[in-house]
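Structure below is start-v7.txt: compact mmCIF, C-alpha atoms.
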# COMPACT_ATOMS: atom_id res chain seq x y z
CA MET R 506 60.66 -43.78 -58.94
CA SER R 507 58.69 -46.99 -58.71
CA VAL R 508 60.25 -50.38 -59.43
CA PRO R 509 58.25 -52.23 -62.08
CA GLY R 510 57.03 -55.66 -61.14
CA VAL R 511 57.64 -55.25 -57.38
CA PRO R 512 54.60 -54.78 -55.10
CA ALA R 513 54.59 -51.68 -52.91
CA ALA R 514 54.53 -53.80 -49.75
CA ASP R 515 57.79 -55.55 -50.74
CA ARG R 516 59.86 -52.44 -51.51
CA GLY R 517 61.37 -52.16 -48.02
CA THR R 518 61.12 -53.34 -44.45
CA THR R 519 60.12 -51.73 -41.18
CA THR R 520 61.94 -52.97 -38.10
CA VAL R 521 60.74 -52.29 -34.56
CA ALA R 522 63.58 -52.45 -32.05
CA ASP R 523 63.32 -54.56 -28.90
CA ARG R 524 64.10 -51.49 -26.81
CA ALA R 525 61.17 -49.55 -28.25
CA VAL R 526 58.78 -52.43 -27.54
CA ARG R 527 60.10 -52.70 -23.98
CA ARG R 528 59.57 -48.99 -23.34
CA ILE R 529 56.03 -49.14 -24.70
CA ALA R 530 55.22 -52.18 -22.57
CA GLU R 531 56.54 -50.49 -19.42
CA ARG R 532 54.50 -47.38 -20.11
CA ALA R 533 51.41 -49.47 -20.80
CA ALA R 534 51.82 -51.25 -17.47
CA THR R 535 51.74 -47.92 -15.61
CA GLU R 536 48.48 -47.03 -17.41
CA ALA R 537 46.65 -50.23 -16.46
CA LEU R 538 45.37 -49.02 -13.09
CA ALA R 539 44.92 -45.57 -11.58
CA PRO R 540 47.72 -43.07 -12.22
CA GLY R 541 50.70 -43.82 -10.03
CA GLU R 542 49.38 -47.21 -8.82
CA VAL R 543 51.74 -49.40 -10.87
CA ARG R 544 55.50 -49.07 -10.91
CA THR R 545 57.73 -51.00 -13.27
CA GLY R 546 61.07 -52.66 -12.66
CA ARG R 547 63.34 -54.72 -14.87
CA SER R 548 61.56 -55.61 -18.11
CA SER R 549 62.48 -57.21 -21.42
CA ALA R 550 61.07 -57.59 -24.92
CA SER R 551 62.04 -59.57 -27.99
CA VAL R 552 60.78 -59.16 -31.56
CA ARG R 553 60.74 -62.06 -34.01
CA GLY R 554 59.31 -61.09 -37.34
CA ARG R 555 55.85 -59.66 -36.74
CA ARG R 556 55.50 -61.12 -33.27
CA ALA R 557 56.70 -59.68 -29.98
CA ARG R 558 57.15 -61.17 -26.54
CA VAL R 559 57.22 -58.90 -23.51
CA ASP R 560 58.13 -59.56 -19.89
CA VAL R 561 57.32 -56.79 -17.37
CA THR R 562 58.10 -56.67 -13.65
CA VAL R 563 55.72 -54.48 -11.64
CA THR R 564 55.07 -53.28 -8.12
CA LEU R 565 51.41 -53.07 -7.05
CA PRO R 566 49.82 -51.23 -4.15
CA TYR R 567 48.47 -53.10 -1.13
CA PRO R 568 45.73 -54.13 -0.61
CA LEU R 569 44.61 -55.34 -4.04
CA VAL R 570 43.28 -58.63 -5.39
CA LEU R 571 46.39 -59.96 -7.09
CA ASP R 572 44.78 -62.21 -9.70
CA GLU R 573 42.35 -59.55 -10.90
CA SER R 574 44.88 -56.71 -10.83
CA GLY R 575 47.58 -58.80 -12.47
CA GLU R 576 45.20 -59.87 -15.23
CA ARG R 577 44.20 -56.28 -15.87
CA VAL R 578 47.85 -55.23 -16.13
CA ARG R 579 48.70 -58.19 -18.40
CA SER R 580 45.80 -57.68 -20.80
CA HIS R 581 46.38 -53.94 -20.98
CA VAL R 582 50.08 -54.42 -21.70
CA ALA R 583 49.37 -56.92 -24.48
CA ASP R 584 46.62 -54.85 -26.13
CA ARG R 585 48.35 -51.50 -25.81
CA THR R 586 51.71 -52.79 -27.06
CA ALA R 587 50.10 -54.50 -30.05
CA ARG R 588 48.12 -51.36 -30.93
CA LEU R 589 51.09 -48.98 -30.74
CA THR R 590 53.71 -51.19 -32.40
CA GLY R 591 51.57 -52.97 -34.99
CA LEU R 592 53.03 -56.30 -33.88
CA ALA R 593 51.20 -59.36 -32.69
CA VAL R 594 51.61 -59.85 -28.93
CA PRO R 595 50.10 -63.28 -28.23
CA THR R 596 51.16 -63.28 -24.60
CA ALA R 597 52.54 -60.79 -22.13
CA ARG R 598 54.21 -62.01 -18.97
CA VAL R 599 53.75 -59.86 -15.86
CA ARG R 600 55.70 -60.50 -12.69
CA VAL R 601 54.61 -58.91 -9.42
CA ARG R 602 57.83 -58.18 -7.60
CA GLU R 603 56.40 -56.63 -4.43
CA LEU R 604 53.42 -54.90 -2.86
CA ARG R 605 53.64 -51.34 -1.63
CA VAL R 606 51.60 -50.28 1.40
CA ARG R 607 49.59 -47.12 0.90
CA ALA R 608 49.72 -44.29 3.41
CA ALA R 609 46.72 -43.81 5.65
CA GLY R 610 44.06 -41.64 4.08
CA GLU R 611 45.86 -41.55 0.76
CA GLY R 612 43.64 -40.94 -2.23
CA THR R 613 46.22 -41.66 -4.90
CA VAL R 614 49.88 -42.53 -4.98
CA VAL R 615 50.55 -39.37 -6.93
CA ALA R 616 49.18 -37.26 -4.10
CA GLN R 617 51.40 -39.09 -1.63
CA THR R 618 54.48 -38.59 -3.79
CA VAL R 619 53.80 -34.88 -4.16
CA ALA R 620 53.21 -34.48 -0.42
CA GLU R 621 56.45 -36.30 0.41
CA GLU R 622 58.47 -34.21 -2.03
CA GLN R 623 56.95 -30.99 -0.76
CA ALA R 624 57.68 -32.01 2.84
CA GLY R 625 61.27 -32.86 1.89
CA GLY R 626 61.75 -29.52 0.15
CA GLU R 627 62.34 -31.01 -3.30
CA LEU R 628 59.55 -29.01 -4.95
CA ARG R 629 61.03 -25.55 -5.08
CA ALA R 630 59.50 -22.66 -6.92
CA ARG R 631 61.91 -20.79 -9.15
CA ARG R 632 61.53 -17.40 -10.67
CA PRO R 633 60.60 -17.47 -14.34
CA TRP R 634 63.51 -16.75 -16.66
CA SER R 635 62.76 -14.32 -19.44
CA PRO R 636 64.01 -15.33 -22.90
CA ARG R 637 64.87 -11.66 -23.63
CA ARG R 638 63.69 -11.96 -27.22
CA ALA R 639 63.06 -8.26 -27.88
CA PRO R 640 66.52 -6.85 -26.86
CA VAL R 641 68.36 -9.65 -28.65
CA ALA R 642 66.22 -9.25 -31.77
CA VAL R 643 66.77 -5.47 -31.87
CA ALA R 644 70.54 -5.82 -31.40
CA ALA R 645 70.75 -8.59 -34.00
CA LEU R 646 68.68 -6.64 -36.55
CA ALA R 647 70.77 -3.51 -36.06
CA ALA R 648 74.02 -5.44 -36.49
CA ALA R 649 72.63 -7.30 -39.51
CA ALA R 650 71.49 -4.04 -41.14
CA ALA R 651 74.91 -2.43 -40.65
CA CYS R 652 76.69 -5.49 -42.05
CA ALA R 653 74.28 -5.66 -44.98
CA VAL R 654 74.92 -2.03 -45.95
CA LEU R 655 78.68 -2.50 -45.73
CA LEU R 656 78.55 -5.76 -47.68
CA TYR R 657 76.44 -4.18 -50.42
CA ASP R 658 78.95 -1.35 -50.86
CA VAL R 659 81.91 -3.75 -50.95
CA LEU R 660 80.22 -5.98 -53.54
CA ALA R 661 79.24 -2.95 -55.62
CA VAL R 662 82.90 -1.85 -55.72
CA HIS R 663 84.52 -5.22 -56.45
CA ALA R 664 81.82 -6.91 -58.54
CA ALA R 665 80.20 -4.03 -60.44
CA GLY R 666 83.20 -1.71 -60.58
CA ARG R 667 81.39 1.22 -58.98
CA ALA R 668 83.00 3.90 -56.88
CA PRO R 669 82.84 3.38 -53.10
CA ALA R 670 80.08 5.16 -51.25
CA ARG R 671 80.78 8.63 -49.95
CA TRP R 672 80.11 7.66 -46.33
CA ARG R 673 82.61 4.79 -46.50
CA SER R 674 85.30 6.95 -48.06
CA ASP R 675 84.83 9.68 -45.46
CA LEU R 676 84.87 7.10 -42.68
CA MET R 677 88.09 5.51 -43.93
CA ASP R 678 89.74 8.93 -44.34
CA ARG R 679 88.82 9.95 -40.83
CA LEU R 680 90.02 6.66 -39.35
CA THR R 681 93.29 7.08 -41.25
CA THR R 682 93.95 10.68 -40.25
CA HIS R 683 92.57 10.59 -36.70
CA GLY R 684 93.94 7.91 -34.45
CA PRO R 685 92.44 6.82 -31.12
CA HIS R 686 93.76 9.79 -29.12
CA ALA R 687 91.99 12.07 -26.65
CA GLY R 688 91.09 14.64 -29.29
CA ALA R 689 88.96 12.22 -31.33
CA TRP R 690 85.82 12.54 -29.24
CA PRO R 691 83.49 10.85 -31.77
CA GLY R 692 85.50 7.64 -31.56
CA ALA R 693 85.48 7.78 -27.76
CA VAL R 694 81.71 8.32 -27.73
CA ALA R 695 81.17 5.39 -30.13
CA ALA R 696 83.42 3.13 -28.06
CA PHE R 697 81.58 4.10 -24.88
CA ALA R 698 78.22 3.39 -26.54
CA VAL R 699 79.40 -0.06 -27.65
CA LEU R 700 80.68 -0.72 -24.12
CA CYS R 701 77.32 0.24 -22.60
CA LEU R 702 75.51 -1.97 -25.10
CA GLY R 703 77.73 -4.94 -24.23
CA VAL R 704 77.29 -4.43 -20.49
CA TRP R 705 73.53 -4.13 -20.96
CA LEU R 706 73.34 -7.38 -22.94
CA LEU R 707 75.47 -9.17 -20.34
CA VAL R 708 73.18 -7.98 -17.53
CA LEU R 709 70.15 -9.17 -19.45
CA ALA R 710 71.79 -12.56 -20.03
CA VAL R 711 72.62 -13.28 -16.37
CA THR R 712 69.44 -11.92 -14.74
CA PRO R 713 66.13 -13.81 -14.74
CA GLY R 714 63.92 -10.88 -15.67
CA ALA R 715 60.15 -11.40 -15.97
CA ARG R 716 59.63 -9.02 -13.05
CA GLY R 717 55.94 -8.80 -13.77
CA ARG R 718 55.36 -12.42 -12.73
CA LEU R 719 55.35 -14.15 -9.36
CA PRO R 720 56.19 -17.88 -9.04
CA LEU R 721 53.50 -20.11 -7.57
CA ARG R 722 53.89 -23.21 -5.43
CA PRO R 723 54.49 -26.12 -7.86
CA PRO R 724 51.53 -28.53 -7.79
CA LEU R 725 53.54 -31.44 -9.25
CA PRO R 726 57.19 -32.26 -9.92
CA ASP R 727 58.59 -30.64 -13.08
CA VAL R 728 55.59 -28.28 -13.19
CA ARG R 729 56.11 -24.52 -12.95
CA ALA R 730 53.34 -21.99 -12.53
CA VAL R 731 53.42 -18.20 -12.42
CA ILE R 732 50.90 -15.41 -11.97
CA ASP R 733 51.05 -11.85 -13.22
CA ARG R 734 51.38 -9.16 -10.62
CA SER R 735 48.55 -7.29 -12.33
CA ALA R 736 46.28 -10.29 -11.70
CA VAL R 737 47.22 -10.28 -8.02
CA ALA R 738 46.49 -6.56 -7.86
CA THR R 739 43.08 -7.11 -9.47
CA LEU R 740 42.30 -9.89 -7.00
CA LEU R 741 43.21 -7.69 -4.03
CA ARG R 742 41.21 -4.78 -5.42
CA ASP R 743 38.11 -6.91 -5.91
CA ALA R 744 38.45 -8.43 -2.43
CA VAL R 745 38.52 -5.10 -0.56
CA SER R 746 36.27 -2.99 -2.79
CA GLY R 747 33.11 -4.67 -1.49
CA LEU R 748 33.75 -3.88 2.16
CA PRO R 749 31.33 -1.40 3.79
CA GLY R 750 32.50 2.19 3.60
CA ILE R 751 35.59 1.46 1.46
CA THR R 752 36.12 3.76 -1.55
CA ARG R 753 38.94 4.76 -3.92
CA VAL R 754 40.93 1.52 -3.69
CA ARG R 755 44.41 1.59 -5.19
CA VAL R 756 46.64 -1.50 -5.21
CA ARG R 757 50.28 -1.78 -6.16
CA VAL R 758 51.95 -5.21 -6.18
CA GLY R 759 55.71 -5.55 -6.37
CA ARG R 760 58.00 -8.53 -6.14
CA ARG R 761 58.42 -8.19 -2.37
CA ARG R 762 55.61 -5.90 -1.22
CA ALA R 763 51.91 -5.40 -1.94
CA THR R 764 50.46 -2.03 -0.96
CA VAL R 765 46.72 -1.42 -0.61
CA ARG R 766 45.50 2.18 -0.25
CA ALA R 767 41.83 2.90 0.32
CA GLY R 768 39.53 5.61 1.57
CA LEU R 769 36.83 5.31 4.23
CA ALA R 770 33.56 7.11 3.55
CA PHE R 771 31.72 6.08 6.72
CA GLY R 772 32.16 3.87 9.75
CA GLU R 773 34.80 3.51 12.46
CA LEU R 774 38.40 3.66 11.33
CA ASP R 775 40.01 0.88 13.40
CA PRO R 776 37.43 -1.88 12.68
CA ALA R 777 37.45 -0.92 9.00
CA HIS R 778 41.24 -1.14 8.94
CA ARG R 779 41.17 -4.60 10.53
CA ALA R 780 38.50 -5.82 8.09
CA LEU R 781 40.47 -4.40 5.17
CA THR R 782 43.67 -6.11 6.31
CA GLU R 783 41.98 -9.48 6.84
CA ALA R 784 40.29 -9.40 3.42
CA ALA R 785 43.55 -8.46 1.71
CA GLU R 786 45.47 -11.22 3.56
CA ARG R 787 42.91 -13.85 2.54
CA ALA R 788 43.02 -12.73 -1.08
CA LEU R 789 46.81 -12.71 -1.10
CA ALA R 790 46.97 -16.20 0.44
CA SER R 791 44.51 -17.55 -2.12
CA CYS R 792 46.91 -16.70 -4.97
CA GLY R 793 49.21 -19.57 -3.97
CA ALA R 794 52.42 -17.58 -4.41
CA ALA R 795 55.58 -19.40 -3.37
CA ARG R 796 56.91 -16.27 -1.69
CA PRO R 797 53.93 -14.00 -1.04
CA PRO R 798 54.81 -10.29 -0.98
CA ARG R 799 54.55 -8.49 2.34
CA LEU R 800 51.23 -6.76 2.73
CA ARG R 801 50.97 -3.08 3.58
CA VAL R 802 47.54 -1.52 4.14
CA ARG R 803 46.83 2.20 4.33
CA LEU R 804 43.32 3.46 5.12
CA ARG R 805 42.47 7.15 5.22
CA THR R 806 39.19 8.87 5.88
CA GLU R 807 37.45 10.75 3.09
CA PRO R 808 36.85 14.54 3.42
CA ALA R 809 33.12 13.91 3.98
CA TRP R 810 33.76 11.31 6.72
CA ARG R 811 32.40 12.03 10.18
CA ALA R 812 33.18 10.10 13.35
CA PRO R 813 30.24 7.89 14.45
CA ALA R 814 28.29 9.15 17.44
CA GLN R 815 29.27 7.45 20.68
CA GLY R 816 26.47 5.59 22.43
CA GLY R 817 23.77 6.86 20.03
CA ASP R 818 22.05 5.78 16.88
CA GLY R 819 24.52 7.68 14.71
CA GLN R 820 22.21 10.66 13.99
Final structure tokens representation of the file:
Amino acid sequence: MSVPGVPAADRGTTTVADRAVRRIAERAATEALAPGEVRTGRSSASVRGRRARVDVTVTLPYPLVLDESGERVRSHVADRTARLTGLAVPTARVRVRELRVRAAGEGTVVAQTVAEEQAGGELRARRPWSPRRAPVAVAALAAAAACAVLLYDVLAVHAAGRAPARWRSDLMDRLTTHGPHAGAWPGAVAAFAVLCLGVWLLVLAVTPGARGRLPLRPPLPDVRAVIDRSAVATLLRDAVSGLPGITRVRVRVGRRRATVRAGLAFGELDPAHRALTEAAERALASCGAARPPRLRVRLRTEPAWRAPAQGGDGQ
């Protein structure tokens, strides 16, 4: 409901917190140069009305021209903060705390950070964890359906005054007359089924699952990558199918082993086996798997294969 006589612009206030402005200014400082070049330290911001004052402490890489780089950081912080907050930022103060020496041959600071973390073992590939949506959804729907049927019958009896359903009366009579003794085999079977269902759900909850995927080496921190085993099998099949004399290629990729079976239509067996193994190893290494499966190659001669003539032209 609108208030008569009061302009729309005066019907409330929007306040931007100092902390939000400080976070935006720090993020803007890291965007001023190339990714990873600028690092921020202790910063502050104060908002007075529609004006904001920011003070950012940064670390720049060496060598750089300080006046030009500092001006670029300062202007970017002022413009970016004003654009994102809607406040006027007349001045932004940037303090260069220190200079950081780049590593030799380093293209970017991000590449150096990733290399250091990989060398230190911090970037570890983890198996993907399956959310197990289908089993949980099926169990939940089954339980909800059973509860809904029981609730409908109870409400029909107490609210509408109807007689209880035949199945519920028979069930109650049987539970009353047959206790949980050895002769009541239907109850034992039902209890065993519920026990198996519970154990199955617990196993699904504590195991990672997603057995059809292989983890890849993480390219960056907090980045996870996986590849389907079927894709690895297709890559291996394409890599070895073009070799001379190779026919009937079958590939099976598991979590720990990749098996390549092929037939040889013509040519010498040992050189063909070595060429097949080398091509499969190159294809498997190109996948970038964190823990590549062990390769197993089997090459058999086709029924029409004949051994090459020794010392002749093969005719």
Who sits within 7 Å of Val601 (chain R), only C-alpha atoms, same chain under 4 positions skipped, as a PDB file with C-alpha atoms, keeping the file's coordinate frame:
ATOM      1  CA  THR R 562      58.100 -56.670 -13.650  1.00  0.00           C
ATOM      2  CA  VAL R 563      55.720 -54.480 -11.640  1.00  0.00           C
ATOM      3  CA  THR R 564      55.070 -53.280  -8.120  1.00  0.00           C
TER       4      THR R 564
END
CA of Arg742 (chain R) to CA of Arg755 (chain R), distance in Å rounded to a single decimal: 7.1 Å
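Residue nearest Thr545 (chain R) within the list R:Leu592, R:Val599, R:Val754, R:Val521: R:Val599 [criterion: smallest interatomic distance, all atoms listed in the file].
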Best match for closeness to Arg753 (chain R) among R:Arg787, R:Arg718, R:Arg796, R:Arg805, counting only C-alpha atoms: R:Arg805
Between CA of Pro669 (chain R) and CA of Ala644 (chain R) - distance in Å to one decimal: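 Interatomic distance, CA of Ala644 (chain R) to CA of Pro669 (chain R): 26.6 Å.
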Distance in Å - CA of Gly575 (chain R) versus CA of Gly554 (chain R): 27.6 Å
Point (45.2, -59.3, -15.6), cut-off 12 Å, counting all atoms listed in the file, residues as a PyMOL selection string: chain R and resi 534+537-538+570-584+596-601
Who sits within 7 Å of region 737-740 of chain R, all atoms listed in the file, same chain under 6 positions skipped, as an NGL selection string: :R and (756-758 or 788)
If we count all atoms listed in the file, what is near region 769-771 of chain R at a cut-off of 12 Å, once residues fewer than 6 positions away on the same chain are taken out, given as an mmCIF file with C-alpha atoms, in the frame of the given file?
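Okay, this is what ended up in result_31.cif:
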data_model
loop_
_atom_site.group_PDB
_atom_site.id
_atom_site.type_symbol
_atom_site.label_atom_id
_atom_site.label_comp_id
_atom_site.auth_asym_id
_atom_site.auth_seq_id
_atom_site.Cartn_x
_atom_site.Cartn_y
_atom_site.Cartn_z
ATOM 1 C CA VAL R 745 38.520 -5.100 -0.560
ATOM 2 C CA SER R 746 36.270 -2.990 -2.790
ATOM 3 C CA LEU R 748 33.750 -3.880 2.160
ATOM 4 C CA PRO R 749 31.330 -1.400 3.790
ATOM 5 C CA GLY R 750 32.500 2.190 3.600
ATOM 6 C CA ILE R 751 35.590 1.460 1.460
ATOM 7 C CA THR R 752 36.120 3.760 -1.550
ATOM 8 C CA ARG R 753 38.940 4.760 -3.920
ATOM 9 C CA VAL R 754 40.930 1.520 -3.690
ATOM 10 C CA ALA R 777 37.450 -0.920 9.000
ATOM 11 C CA HIS R 778 41.240 -1.140 8.940
ATOM 12 C CA ALA R 780 38.500 -5.820 8.090
ATOM 13 C CA LEU R 781 40.470 -4.400 5.170
ATOM 14 C CA ARG R 803 46.830 2.200 4.330
ATOM 15 C CA LEU R 804 43.320 3.460 5.120
ATOM 16 C CA ARG R 805 42.470 7.150 5.220
ATOM 17 C CA THR R 806 39.190 8.870 5.880
ATOM 18 C CA GLU R 807 37.450 10.750 3.090
ATOM 19 C CA PRO R 808 36.850 14.540 3.420
ATOM 20 C CA ALA R 809 33.120 13.910 3.980
ATOM 21 C CA TRP R 810 33.760 11.310 6.720
ATOM 22 C CA ARG R 811 32.400 12.030 10.180
ATOM 23 C CA ALA R 812 33.180 10.100 13.350
ATOM 24 C CA PRO R 813 30.240 7.890 14.450
ATOM 25 C CA ALA R 814 28.290 9.150 17.440
ATOM 26 C CA GLY R 819 24.520 7.680 14.710
#
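Summary of the local environment: counting all atoms listed in the file, residues at most 9 Å from Gly717 (chain R), other than itself and those fewer than 3 positions away along its chain, are R:Gly714, R:Ile732, R:Asp733, R:Arg734, R:Ser735, R:Gly759, R:Arg760.
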Filtering to N, CA, C and O atoms, could region 586-607 of chain R of the supplied structure be written out as an mmCIF file, in the first residue's frame?
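Output contents, as saved in out.cif:
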data_model
loop_
_atom_site.group_PDB
_atom_site.id
_atom_site.type_symbol
_atom_site.label_atom_id
_atom_site.label_comp_id
_atom_site.auth_asym_id
_atom_site.auth_seq_id
_atom_site.Cartn_x
_atom_site.Cartn_y
_atom_site.Cartn_z
ATOM 1 N N THR R 586 34.555 -0.378 -7.206
ATOM 2 C CA THR R 586 33.790 -0.270 -5.970
ATOM 3 C C THR R 586 32.595 0.649 -6.155
ATOM 4 O O THR R 586 31.489 0.370 -5.672
ATOM 5 N N ALA R 587 32.800 1.771 -6.845
ATOM 6 C CA ALA R 587 31.683 2.688 -7.082
ATOM 7 C C ALA R 587 30.606 2.044 -7.953
ATOM 8 O O ALA R 587 29.406 2.243 -7.720
ATOM 9 N N ARG R 588 31.010 1.250 -8.942
ATOM 10 C CA ARG R 588 30.034 0.631 -9.845
ATOM 11 C C ARG R 588 29.226 -0.445 -9.124
ATOM 12 O O ARG R 588 28.018 -0.572 -9.351
ATOM 13 N N LEU R 589 29.862 -1.237 -8.273
ATOM 14 C CA LEU R 589 29.163 -2.340 -7.623
ATOM 15 C C LEU R 589 28.360 -1.906 -6.405
ATOM 16 O O LEU R 589 27.364 -2.563 -6.067
ATOM 17 N N THR R 590 28.762 -0.862 -5.715
ATOM 18 C CA THR R 590 28.053 -0.426 -4.515
ATOM 19 C C THR R 590 27.072 0.708 -4.778
ATOM 20 O O THR R 590 26.156 0.925 -3.979
ATOM 21 N N GLY R 591 27.252 1.445 -5.865
ATOM 22 C CA GLY R 591 26.396 2.594 -6.114
ATOM 23 C C GLY R 591 26.763 3.811 -5.294
ATOM 24 O O GLY R 591 26.014 4.802 -5.288
ATOM 25 N N LEU R 592 27.897 3.762 -4.620
ATOM 26 C CA LEU R 592 28.363 4.877 -3.806
ATOM 27 C C LEU R 592 29.419 5.673 -4.573
ATOM 28 O O LEU R 592 30.050 5.161 -5.503
ATOM 29 N N ALA R 593 29.599 6.873 -4.161
ATOM 30 C CA ALA R 593 30.651 7.719 -4.735
ATOM 31 C C ALA R 593 31.957 7.432 -3.999
ATOM 32 O O ALA R 593 32.018 7.510 -2.771
ATOM 33 N N VAL R 594 32.989 7.093 -4.758
ATOM 34 C CA VAL R 594 34.306 6.801 -4.188
ATOM 35 C C VAL R 594 35.259 7.839 -4.770
ATOM 36 O O VAL R 594 35.898 7.604 -5.810
ATOM 37 N N PRO R 595 35.354 9.007 -4.146
ATOM 38 C CA PRO R 595 36.212 10.056 -4.717
ATOM 39 C C PRO R 595 37.682 9.660 -4.743
ATOM 40 O O PRO R 595 38.395 9.972 -5.699
ATOM 41 N N THR R 596 38.131 8.980 -3.721
ATOM 42 C CA THR R 596 39.536 8.572 -3.665
ATOM 43 C C THR R 596 39.633 7.179 -3.069
ATOM 44 O O THR R 596 38.827 6.779 -2.221
ATOM 45 N N ALA R 597 40.604 6.446 -3.543
ATOM 46 C CA ALA R 597 40.925 5.135 -2.984
ATOM 47 C C ALA R 597 42.418 5.129 -2.673
ATOM 48 O O ALA R 597 43.242 5.456 -3.525
ATOM 49 N N ARG R 598 42.736 4.761 -1.466
ATOM 50 C CA ARG R 598 44.131 4.767 -1.026
ATOM 51 C C ARG R 598 44.677 3.341 -1.114
ATOM 52 O O ARG R 598 44.100 2.410 -0.547
ATOM 53 N N VAL R 599 45.787 3.181 -1.831
ATOM 54 C CA VAL R 599 46.414 1.880 -2.024
ATOM 55 C C VAL R 599 47.819 1.937 -1.444
ATOM 56 O O VAL R 599 48.621 2.810 -1.808
ATOM 57 N N ARG R 600 48.097 1.008 -0.563
ATOM 58 C CA ARG R 600 49.418 0.916 0.052
ATOM 59 C C ARG R 600 50.102 -0.355 -0.432
ATOM 60 O O ARG R 600 49.549 -1.446 -0.331
ATOM 61 N N VAL R 601 51.302 -0.207 -0.962
ATOM 62 C CA VAL R 601 52.091 -1.354 -1.410
ATOM 63 C C VAL R 601 52.931 -1.812 -0.231
ATOM 64 O O VAL R 601 53.884 -1.144 0.185
ATOM 65 N N ARG R 602 52.575 -2.946 0.325
ATOM 66 C CA ARG R 602 53.266 -3.434 1.515
ATOM 67 C C ARG R 602 54.602 -4.064 1.183
ATOM 68 O O ARG R 602 55.603 -3.826 1.860
ATOM 69 N N GLU R 603 54.650 -4.877 0.109
ATOM 70 C CA GLU R 603 55.892 -5.552 -0.254
ATOM 71 C C GLU R 603 55.835 -5.972 -1.715
ATOM 72 O O GLU R 603 54.774 -5.935 -2.349
ATOM 73 N N LEU R 604 56.990 -6.378 -2.224
ATOM 74 C CA LEU R 604 57.098 -6.901 -3.577
ATOM 75 C C LEU R 604 57.475 -8.373 -3.486
ATOM 76 O O LEU R 604 58.314 -8.756 -2.668
ATOM 77 N N ARG R 605 56.859 -9.164 -4.322
ATOM 78 C CA ARG R 605 57.095 -10.606 -4.320
ATOM 79 C C ARG R 605 57.853 -10.976 -5.584
ATOM 80 O O ARG R 605 57.443 -10.637 -6.699
ATOM 81 N N VAL R 606 58.966 -11.681 -5.421
ATOM 82 C CA VAL R 606 59.803 -12.066 -6.549
ATOM 83 C C VAL R 606 59.180 -13.258 -7.240
ATOM 84 O O VAL R 606 58.830 -14.264 -6.598
ATOM 85 N N ARG R 607 59.049 -13.165 -8.551
ATOM 86 C CA ARG R 607 58.512 -14.264 -9.327
ATOM 87 C C ARG R 607 59.549 -15.374 -9.492
ATOM 88 O O ARG R 607 60.757 -15.123 -9.463
#
